[in-house]
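Student: Here you go, input13.csv (CSV, C-alpha atoms):
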```
chain,number,residue,atom,x,y,z
A,129,MET,CA,-53.9,-56.0,10.2
A,130,SER,CA,-53.0,-55.0,13.8
A,131,LYS,CA,-53.8,-57.4,16.6
A,132,TYR,CA,-54.7,-54.4,18.8
A,133,PRO,CA,-57.8,-52.2,18.7
A,134,ILE,CA,-57.6,-48.7,17.1
A,135,LEU,CA,-57.8,-46.0,19.8
A,136,LEU,CA,-59.5,-42.6,19.5
A,137,PHE,CA,-58.3,-39.9,21.9
A,138,TRP,CA,-60.7,-37.0,22.1
A,139,PRO,CA,-61.2,-34.0,22.6
A,140,GLU,CA,-57.4,-33.5,22.6
A,141,GLU,CA,-54.6,-35.2,20.8
A,142,ASN,CA,-52.5,-37.7,22.8
A,143,LYS,CA,-49.3,-35.6,22.4
A,144,SER,CA,-45.7,-36.7,22.1
A,145,SER,CA,-44.8,-33.9,24.6
A,146,PRO,CA,-45.6,-34.2,27.4
A,147,LEU,CA,-45.3,-37.9,26.8
A,148,SER,CA,-47.9,-40.0,28.5
A,149,ARG,CA,-47.6,-43.7,29.5
A,150,VAL,CA,-50.4,-44.5,27.1
A,151,ARG,CA,-48.7,-43.0,24.1
A,152,ARG,CA,-45.4,-44.6,25.0
A,153,ILE,CA,-47.0,-48.0,25.1
A,154,CYS,CA,-48.9,-47.4,21.9
A,155,GLU,CA,-45.7,-46.4,20.1
A,156,GLU,CA,-43.6,-49.3,21.5
A,157,TYR,CA,-46.2,-52.0,20.7
A,158,GLY,CA,-47.5,-50.6,17.4
A,159,ILE,CA,-51.0,-49.8,18.7
A,160,ARG,CA,-52.7,-47.5,16.2
A,161,PHE,CA,-54.3,-44.3,17.6
A,162,HIS,CA,-55.6,-40.9,16.3
A,163,SER,CA,-57.8,-37.9,17.4
A,164,ASP,CA,-60.3,-37.7,14.5
A,165,PRO,CA,-63.8,-38.9,15.5
A,166,LEU,CA,-64.7,-39.1,11.8
A,167,LYS,CA,-62.1,-41.8,11.2
A,168,SER,CA,-62.6,-45.5,12.1
A,169,TYR,CA,-61.8,-46.5,15.7
A,170,ASP,CA,-62.5,-49.3,18.2
A,171,LEU,CA,-62.1,-47.7,21.6
A,172,HIS,CA,-62.8,-44.1,22.6
A,173,PHE,CA,-60.7,-42.5,25.4
A,174,PHE,CA,-61.7,-39.1,26.8
A,175,TRP,CA,-58.4,-37.3,26.6
A,176,SER,CA,-57.7,-33.8,27.8
A,177,TYR,CA,-54.7,-32.1,29.5
A,178,THR,CA,-57.0,-30.0,31.6
A,179,THR,CA,-55.7,-29.7,35.1
A,180,LYS,CA,-59.1,-28.9,36.6
A,181,ARG,CA,-62.3,-29.1,34.5
A,182,ILE,CA,-63.7,-28.3,31.1
A,183,VAL,CA,-67.2,-28.3,29.6
A,184,PRO,CA,-67.5,-31.6,27.9
A,185,GLY,CA,-68.9,-31.7,24.3
A,186,ASN,CA,-71.9,-33.8,23.2
A,187,PHE,CA,-69.6,-36.4,21.6
A,188,THR,CA,-68.1,-37.1,25.0
A,189,LEU,CA,-71.5,-37.1,26.8
A,190,ASN,CA,-73.5,-39.1,24.3
A,191,ALA,CA,-71.2,-41.7,22.8
A,192,PRO,CA,-72.2,-45.2,24.0
A,193,GLU,CA,-68.9,-46.2,25.4
A,194,VAL,CA,-66.2,-43.7,26.5
A,195,ILE,CA,-63.2,-44.7,28.7
A,196,ASN,CA,-62.7,-42.1,31.5
A,197,ARG,CA,-65.8,-40.2,30.4
A,198,GLY,CA,-66.0,-38.4,33.7
A,199,CYS,CA,-62.5,-37.1,33.7
A,200,TRP,CA,-63.5,-33.7,32.2
A,201,ASP,CA,-63.4,-32.7,35.8
A,202,ILE,CA,-60.5,-34.0,37.9
A,203,GLY,CA,-60.3,-31.1,40.4
A,204,LYS,CA,-59.5,-31.8,44.0
A,205,GLU,CA,-63.0,-30.8,45.1
A,206,LYS,CA,-64.6,-33.6,43.0
A,207,VAL,CA,-62.0,-36.2,44.3
A,208,ASN,CA,-62.7,-35.1,47.8
A,209,ASP,CA,-66.5,-35.1,47.5
A,210,ILE,CA,-66.8,-38.6,45.8
A,211,PHE,CA,-64.1,-40.6,47.6
A,212,ASN,CA,-63.3,-39.3,51.1
A,213,ASP,CA,-64.7,-36.1,52.4
A,214,ILE,CA,-61.8,-34.7,54.5
A,215,ARG,CA,-62.6,-31.0,53.9
A,216,VAL,CA,-62.3,-28.6,56.7
A,217,ASP,CA,-63.5,-25.0,57.1
A,218,PRO,CA,-60.3,-22.9,57.5
A,219,LEU,CA,-62.2,-20.2,59.3
A,220,THR,CA,-63.3,-22.4,62.2
A,221,TYR,CA,-60.9,-25.4,62.1
A,222,LYS,CA,-58.2,-25.4,64.8
A,223,GLY,CA,-54.8,-26.9,64.0
A,224,VAL,CA,-52.8,-27.7,60.8
A,225,CYS,CA,-54.6,-28.5,57.6
A,226,VAL,CA,-53.6,-28.8,53.9
A,227,GLU,CA,-54.2,-25.9,51.6
A,228,LYS,CA,-54.5,-27.5,48.1
A,229,TYR,CA,-54.8,-25.8,44.8
A,230,ASP,CA,-57.9,-27.2,43.2
A,231,ALA,CA,-56.1,-28.4,40.0
A,232,GLN,CA,-54.1,-31.4,38.9
A,233,GLY,CA,-50.3,-31.5,38.9
A,234,GLN,CA,-49.9,-28.4,41.1
A,235,HIS,CA,-48.0,-29.9,44.1
A,236,SER,CA,-45.8,-26.9,44.4
A,237,LYS,CA,-48.9,-24.9,45.3
A,238,HIS,CA,-49.9,-27.2,48.2
A,239,ARG,CA,-48.8,-26.3,51.7
A,240,LEU,CA,-49.6,-26.8,55.3
A,241,VAL,CA,-51.3,-23.9,57.0
A,242,HIS,CA,-52.3,-23.2,60.6
A,243,CYS,CA,-56.0,-22.6,61.1
A,244,PRO,CA,-58.1,-20.6,61.6
A,245,THR,CA,-57.0,-18.8,58.5
A,246,GLN,CA,-58.6,-16.8,55.7
A,247,PRO,CA,-59.4,-19.1,52.7
A,248,LYS,CA,-57.9,-18.3,49.3
A,249,GLU,CA,-60.0,-18.5,46.1
A,250,GLY,CA,-59.3,-21.6,44.0
A,251,TYR,CA,-58.1,-23.7,46.9
A,252,ILE,CA,-59.5,-26.5,48.9
A,253,TYR,CA,-58.7,-27.1,52.6
A,254,GLN,CA,-58.4,-30.6,53.9
A,255,ARG,CA,-57.5,-32.4,57.1
A,256,TYR,CA,-53.7,-33.1,57.2
A,257,ILE,CA,-53.0,-36.8,57.3
A,258,GLU,CA,-49.4,-37.7,58.0
A,259,ASP,CA,-48.4,-41.2,57.0
A,260,ARG,CA,-44.8,-41.8,57.9
A,261,VAL,CA,-42.3,-44.5,58.6
A,262,GLY,CA,-39.4,-42.9,60.6
A,263,GLU,CA,-38.3,-39.9,58.6
A,264,LEU,CA,-39.9,-41.0,55.4
A,265,TYR,CA,-43.3,-40.1,54.1
A,266,VAL,CA,-45.4,-42.9,52.7
A,267,LYS,CA,-47.8,-42.7,49.7
A,268,TYR,CA,-49.6,-45.4,47.8
A,269,ARG,CA,-50.4,-45.6,44.1
A,270,ILE,CA,-53.2,-47.8,42.7
A,271,TYR,CA,-52.7,-48.8,39.1
A,272,TYR,CA,-56.4,-49.0,38.1
A,273,ALA,CA,-58.0,-50.7,35.1
A,274,ASP,CA,-61.7,-51.3,35.7
A,275,GLY,CA,-60.5,-52.4,39.2
A,276,ILE,CA,-57.5,-52.4,41.5
A,277,GLU,CA,-55.0,-54.7,39.9
A,278,TRP,CA,-51.9,-53.8,42.0
A,279,ILE,CA,-50.7,-51.2,44.4
A,280,LEU,CA,-47.3,-49.6,44.7
A,281,LYS,CA,-46.1,-48.4,48.2
A,282,GLN,CA,-43.7,-45.5,47.9
A,283,LYS,CA,-41.5,-43.8,50.4
A,284,LYS,CA,-40.0,-40.4,50.0
A,285,ARG,CA,-38.0,-37.8,51.9
A,286,THR,CA,-40.0,-34.7,51.0
A,287,LEU,CA,-43.6,-33.5,51.4
A,288,PHE,CA,-45.7,-31.7,48.8
A,289,GLY,CA,-44.6,-28.1,48.1
A,290,HIS,CA,-40.9,-29.2,48.0
A,291,PRO,CA,-39.1,-28.8,44.6
A,292,ASP,CA,-38.1,-32.4,44.6
A,293,TYR,CA,-41.5,-33.8,45.6
A,294,ASN,CA,-42.2,-35.6,42.2
A,295,TYR,CA,-38.8,-37.3,42.1
A,296,ASP,CA,-37.6,-37.8,45.6
A,297,TYR,CA,-38.6,-41.5,46.0
A,298,VAL,CA,-36.5,-43.7,48.2
A,299,THR,CA,-38.2,-47.1,47.9
A,300,HIS,CA,-40.9,-48.9,45.9
A,301,GLU,CA,-42.6,-52.1,46.8
A,302,TRP,CA,-45.7,-54.0,45.8
A,303,VAL,CA,-48.5,-54.5,48.3
A,304,THR,CA,-51.5,-56.7,47.6
A,305,PRO,CA,-54.9,-54.9,47.3
A,306,SER,CA,-56.4,-57.2,49.9
A,307,SER,CA,-53.8,-56.0,52.5
A,308,VAL,CA,-55.3,-52.5,52.1
A,309,PHE,CA,-58.9,-53.0,51.0
A,310,ASP,CA,-61.2,-55.6,52.4
A,311,VAL,CA,-64.0,-56.9,50.1
A,312,ARG,CA,-66.5,-54.3,51.1
A,313,ALA,CA,-64.1,-51.4,50.8
A,314,MET,CA,-63.0,-52.7,47.4
A,315,MET,CA,-66.6,-52.7,46.2
A,316,GLU,CA,-67.2,-49.2,47.5
A,317,PHE,CA,-64.0,-47.9,45.9
A,318,ASN,CA,-64.9,-49.4,42.5
A,319,GLU,CA,-68.4,-47.9,42.8
A,320,LYS,CA,-66.9,-44.5,43.5
A,321,CYS,CA,-64.7,-44.8,40.5
A,322,ARG,CA,-67.8,-45.5,38.4
A,323,ARG,CA,-69.5,-42.4,39.8
A,324,PHE,CA,-66.4,-40.4,39.0
A,325,GLY,CA,-66.3,-41.7,35.4
A,326,PHE,CA,-62.8,-43.1,35.9
A,327,ASP,CA,-61.8,-46.4,34.3
A,328,TYR,CA,-58.1,-46.4,33.7
A,329,GLY,CA,-55.2,-44.5,35.3
A,330,ASP,CA,-53.5,-44.0,38.6
A,331,VAL,CA,-55.0,-43.2,42.0
A,332,ASP,CA,-52.9,-41.8,44.9
A,333,PHE,CA,-53.8,-42.4,48.5
A,334,VAL,CA,-52.5,-42.3,52.1
A,335,MET,CA,-53.4,-44.4,55.0
A,336,ASP,CA,-55.3,-42.9,58.0
A,337,GLN,CA,-55.5,-45.3,60.9
A,338,GLY,CA,-56.0,-48.2,58.6
A,339,THR,CA,-58.3,-46.5,56.2
A,340,PRO,CA,-57.2,-45.6,52.6
A,341,ILE,CA,-57.9,-41.9,51.9
A,342,ILE,CA,-57.9,-41.1,48.2
A,343,ILE,CA,-56.1,-37.8,47.4
A,344,ASP,CA,-55.6,-37.8,43.7
A,345,ILE,CA,-56.9,-39.2,40.4
A,346,ASN,CA,-54.6,-39.3,37.4
A,347,ASN,CA,-56.1,-40.1,34.0
A,348,VAL,CA,-53.4,-38.7,31.7
A,349,VAL,CA,-50.7,-40.9,33.3
A,350,SER,CA,-47.0,-40.0,33.2
A,351,HIS,CA,-44.7,-42.1,31.0
A,352,VAL,CA,-42.1,-42.2,33.9
A,353,TRP,CA,-41.4,-45.5,35.5
A,354,PHE,CA,-39.1,-46.1,38.4
A,355,THR,CA,-37.8,-49.6,37.7
A,356,ASP,CA,-38.0,-52.0,34.8
A,357,TRP,CA,-40.4,-54.3,36.6
A,358,ILE,CA,-42.8,-51.4,37.1
A,359,LYS,CA,-42.6,-50.6,33.4
A,360,GLN,CA,-43.4,-54.2,32.4
A,361,ALA,CA,-46.4,-54.3,34.7
A,362,GLN,CA,-47.7,-51.0,33.4
A,363,ASP,CA,-47.4,-52.2,29.8
A,364,GLU,CA,-49.1,-55.5,30.4
A,365,GLN,CA,-51.9,-53.9,32.4
A,366,PHE,CA,-52.7,-51.4,29.6
A,367,ILE,CA,-52.6,-54.0,26.8
A,368,ASP,CA,-54.8,-56.4,28.8
A,369,PHE,CA,-57.2,-53.5,29.6
A,370,ILE,CA,-57.7,-52.4,25.9
A,371,GLN,CA,-58.0,-56.0,24.8
A,372,ARG,CA,-60.6,-56.8,27.5
A,373,ARG,CA,-62.6,-53.6,26.6
A,374,TYR,CA,-62.4,-54.5,22.9
A,375,ASP,CA,-63.7,-58.0,23.6
A,376,GLN,CA,-66.5,-56.7,25.6
A,377,SER,CA,-67.6,-54.4,22.7
A,378,GLY,CA,-68.3,-57.4,20.5
A,379,LYS,CA,-66.2,-56.1,17.7
A,380,VAL,CA,-63.8,-58.3,15.6
A,381,CYS,CA,-60.2,-57.3,14.6
```
Before we go any further, please render this structure as structure tokens.

Tutor:
Amino acid sequence: MSKYPILLFWPEENKSSPLSRVRRICEEYGIRFHSDPLKSYDLHFFWSYTTKRIVPGNFTLNAPEVINRGCWDIGKEKVNDIFNDIRVDPLTYKGVCVEKYDAQGQHSKHRLVHCPTQPKEGYIYQRYIEDRVGELYVKYRIYYADGIEWILKQKKRTLFGHPDYNYDYVTHEWVTPSSVFDVRAMMEFNEKCRRFGFDYGDVDFVMDQGTPIIIDINNVVSHVWFTDWIKQAQDEQFIDFIQRRYDQSGKVC
């Protein structure tokens, strides 16, 4: 008998390609998983490779406990409206703003534009926040599991829209959550995650005059890790998360 709970991924299979962090961990640690709601399972993950939004089925909406239930919509509009409203009207705004394609994983379609400008269908327009140290751009990533467990500060040479954007990292360092979020801000952030329907995954943000601005929610997290110590932290966090959720359910292995 496995010491880990059985995981259901629905409405889509947790595929081997593209490989997610969750599947990698399951395979490495012998955690059983499947995508058949008629078979026995202990924890239910909403799992979809949608880059924007889908119409959720009744099984997702009505099941008593679903991890990441609200991630049937992970569009940039929803992230903006729930976390930090930095939207601008490109017809009246004056200056540089970010033109973002309202879908996940489409960094090559993001660009800086000078306003006023005519808006394009399927895009969202936001205030441009430049967080830099010298020549390097700074981005933060929260590794989230029912709360902020740790934050990675990343520095890179390129801005979104560049072909090397996803890989051009120069440094990685841990920062403590309390150095970014005070107690009140932490509570507000966790409440917004609950409103979003987001329980586990990665959150990207930048700093704007001391305030964290959430720019992306990632529920189908990449298997890529940058150093061995990051991989170990990712593995331990996920296993602790599913064990904690399993214990809270009152079930017995």

Student: Considering all atoms listed in the file, return as an mmCIF file with C-alpha atoms, in the coordinates of the input whatever protein or nucleic-acid residues lie within 9 Å of segment 159-176 of chain A, sequence-local ones (same chain, fewer than 4 positions apart) excluded.

Tutor:
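Final file, part_38.cif:
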```cif
data_model
loop_
_atom_site.group_PDB
_atom_site.id
_atom_site.type_symbol
_atom_site.label_atom_id
_atom_site.label_comp_id
_atom_site.auth_asym_id
_atom_site.auth_seq_id
_atom_site.Cartn_x
_atom_site.Cartn_y
_atom_site.Cartn_z
ATOM 1 C CA SER A 130 -53.000 -55.000 13.800
ATOM 2 C CA LYS A 131 -53.800 -57.400 16.600
ATOM 3 C CA TYR A 132 -54.700 -54.400 18.800
ATOM 4 C CA PRO A 133 -57.800 -52.200 18.700
ATOM 5 C CA ILE A 134 -57.600 -48.700 17.100
ATOM 6 C CA LEU A 135 -57.800 -46.000 19.800
ATOM 7 C CA LEU A 136 -59.500 -42.600 19.500
ATOM 8 C CA PHE A 137 -58.300 -39.900 21.900
ATOM 9 C CA TRP A 138 -60.700 -37.000 22.100
ATOM 10 C CA PRO A 139 -61.200 -34.000 22.600
ATOM 11 C CA GLU A 140 -57.400 -33.500 22.600
ATOM 12 C CA GLU A 141 -54.600 -35.200 20.800
ATOM 13 C CA ASN A 142 -52.500 -37.700 22.800
ATOM 14 C CA ARG A 151 -48.700 -43.000 24.100
ATOM 15 C CA ILE A 153 -47.000 -48.000 25.100
ATOM 16 C CA CYS A 154 -48.900 -47.400 21.900
ATOM 17 C CA GLU A 155 -45.700 -46.400 20.100
ATOM 18 C CA ILE A 182 -63.700 -28.300 31.100
ATOM 19 C CA PHE A 187 -69.600 -36.400 21.600
ATOM 20 C CA THR A 188 -68.100 -37.100 25.000
ATOM 21 C CA ALA A 191 -71.200 -41.700 22.800
ATOM 22 C CA GLU A 193 -68.900 -46.200 25.400
ATOM 23 C CA VAL A 194 -66.200 -43.700 26.500
ATOM 24 C CA ILE A 195 -63.200 -44.700 28.700
ATOM 25 C CA ASN A 196 -62.700 -42.100 31.500
ATOM 26 C CA ARG A 197 -65.800 -40.200 30.400
ATOM 27 C CA GLY A 198 -66.000 -38.400 33.700
ATOM 28 C CA CYS A 199 -62.500 -37.100 33.700
ATOM 29 C CA TRP A 200 -63.500 -33.700 32.200
ATOM 30 C CA ASN A 347 -56.100 -40.100 34.000
ATOM 31 C CA VAL A 348 -53.400 -38.700 31.700
ATOM 32 C CA ILE A 370 -57.700 -52.400 25.900
ATOM 33 C CA ARG A 373 -62.600 -53.600 26.600
ATOM 34 C CA TYR A 374 -62.400 -54.500 22.900
ATOM 35 C CA SER A 377 -67.600 -54.400 22.700
ATOM 36 C CA LYS A 379 -66.200 -56.100 17.700
#
```

Student: I'd like to know which of A:Ile342, A:Ile358, A:Ile279, A:Leu147 is closest to Asn208 of chain A, using all atoms listed in the file.

Tutor: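 With all atoms listed in the file as the atom set, the closest residue is A:Ile342.
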
Student: If we count all atoms listed in the file and set the cut-off at 10 Å, which residues sit around Lys222 of chain A, ignoring sequence neighbours fewer than 4 positions away in its own chain? Please answer as a compact mmCIF listing (two decimals) with C-alpha atoms, keeping the file's coordinate frame.

Tutor:
```
# COMPACT_ATOMS: atom_id res chain seq x y z
CA VAL A 216 -62.30 -28.60 56.70
CA ASP A 217 -63.50 -25.00 57.10
CA PRO A 218 -60.30 -22.90 57.50
CA HIS A 242 -52.30 -23.20 60.60
CA CYS A 243 -56.00 -22.60 61.10
CA PRO A 244 -58.10 -20.60 61.60
CA THR A 245 -57.00 -18.80 58.50
```

Student: With distances taken over all atoms listed in the file, which of A:Ile252, A:Val298, A:Val241, A:Met314 is nearest to Ile276 of chain A?

Tutor: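 Of the candidates, the smallest distance to Ile276 of chain A is held by A:Met314.
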
Student: Quote the spacing between atom CA of Thr178 of chain A and atom CA of Asp332 of chain A in Å to one decimal place.

Tutor: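 Distance reported for this atom pair: 18.2 Å.
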
Student: If I put a ball of radius 8 Å at (-57.8, -34.2, 42.7) in the file's coordinates, which residues poke into it when counting all atoms listed in the file, written as a ChimeraX atom specification?

Tutor: /A:202-208,230-232,343-345

Student: Would you work out the distance separating atom CA of Tyr268 of chain A from atom CA of Asn346 of chain A, expressed in Å to one decimal?

Tutor: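 These two atoms are separated by 13.1 Å.
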
Student: With distances taken over only C-alpha atoms, which of A:Val224, A:Val150, A:Val183, A:Ala313 is nearest to Val349 of chain A?

Tutor: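 Going through A:Val224, A:Val150, A:Val183, A:Ala313 one by one, the smallest distance to Val349 of chain A is for A:Val150.
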
Student: How many Å lie between atom CA of Asp330 of chain A and atom CA of Lys248 of chain A, rounded to one decimal?

Tutor: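 Answer for the atom CA of Asp330 of chain A to atom CA of Lys248 of chain A separation: 28.2 Å.
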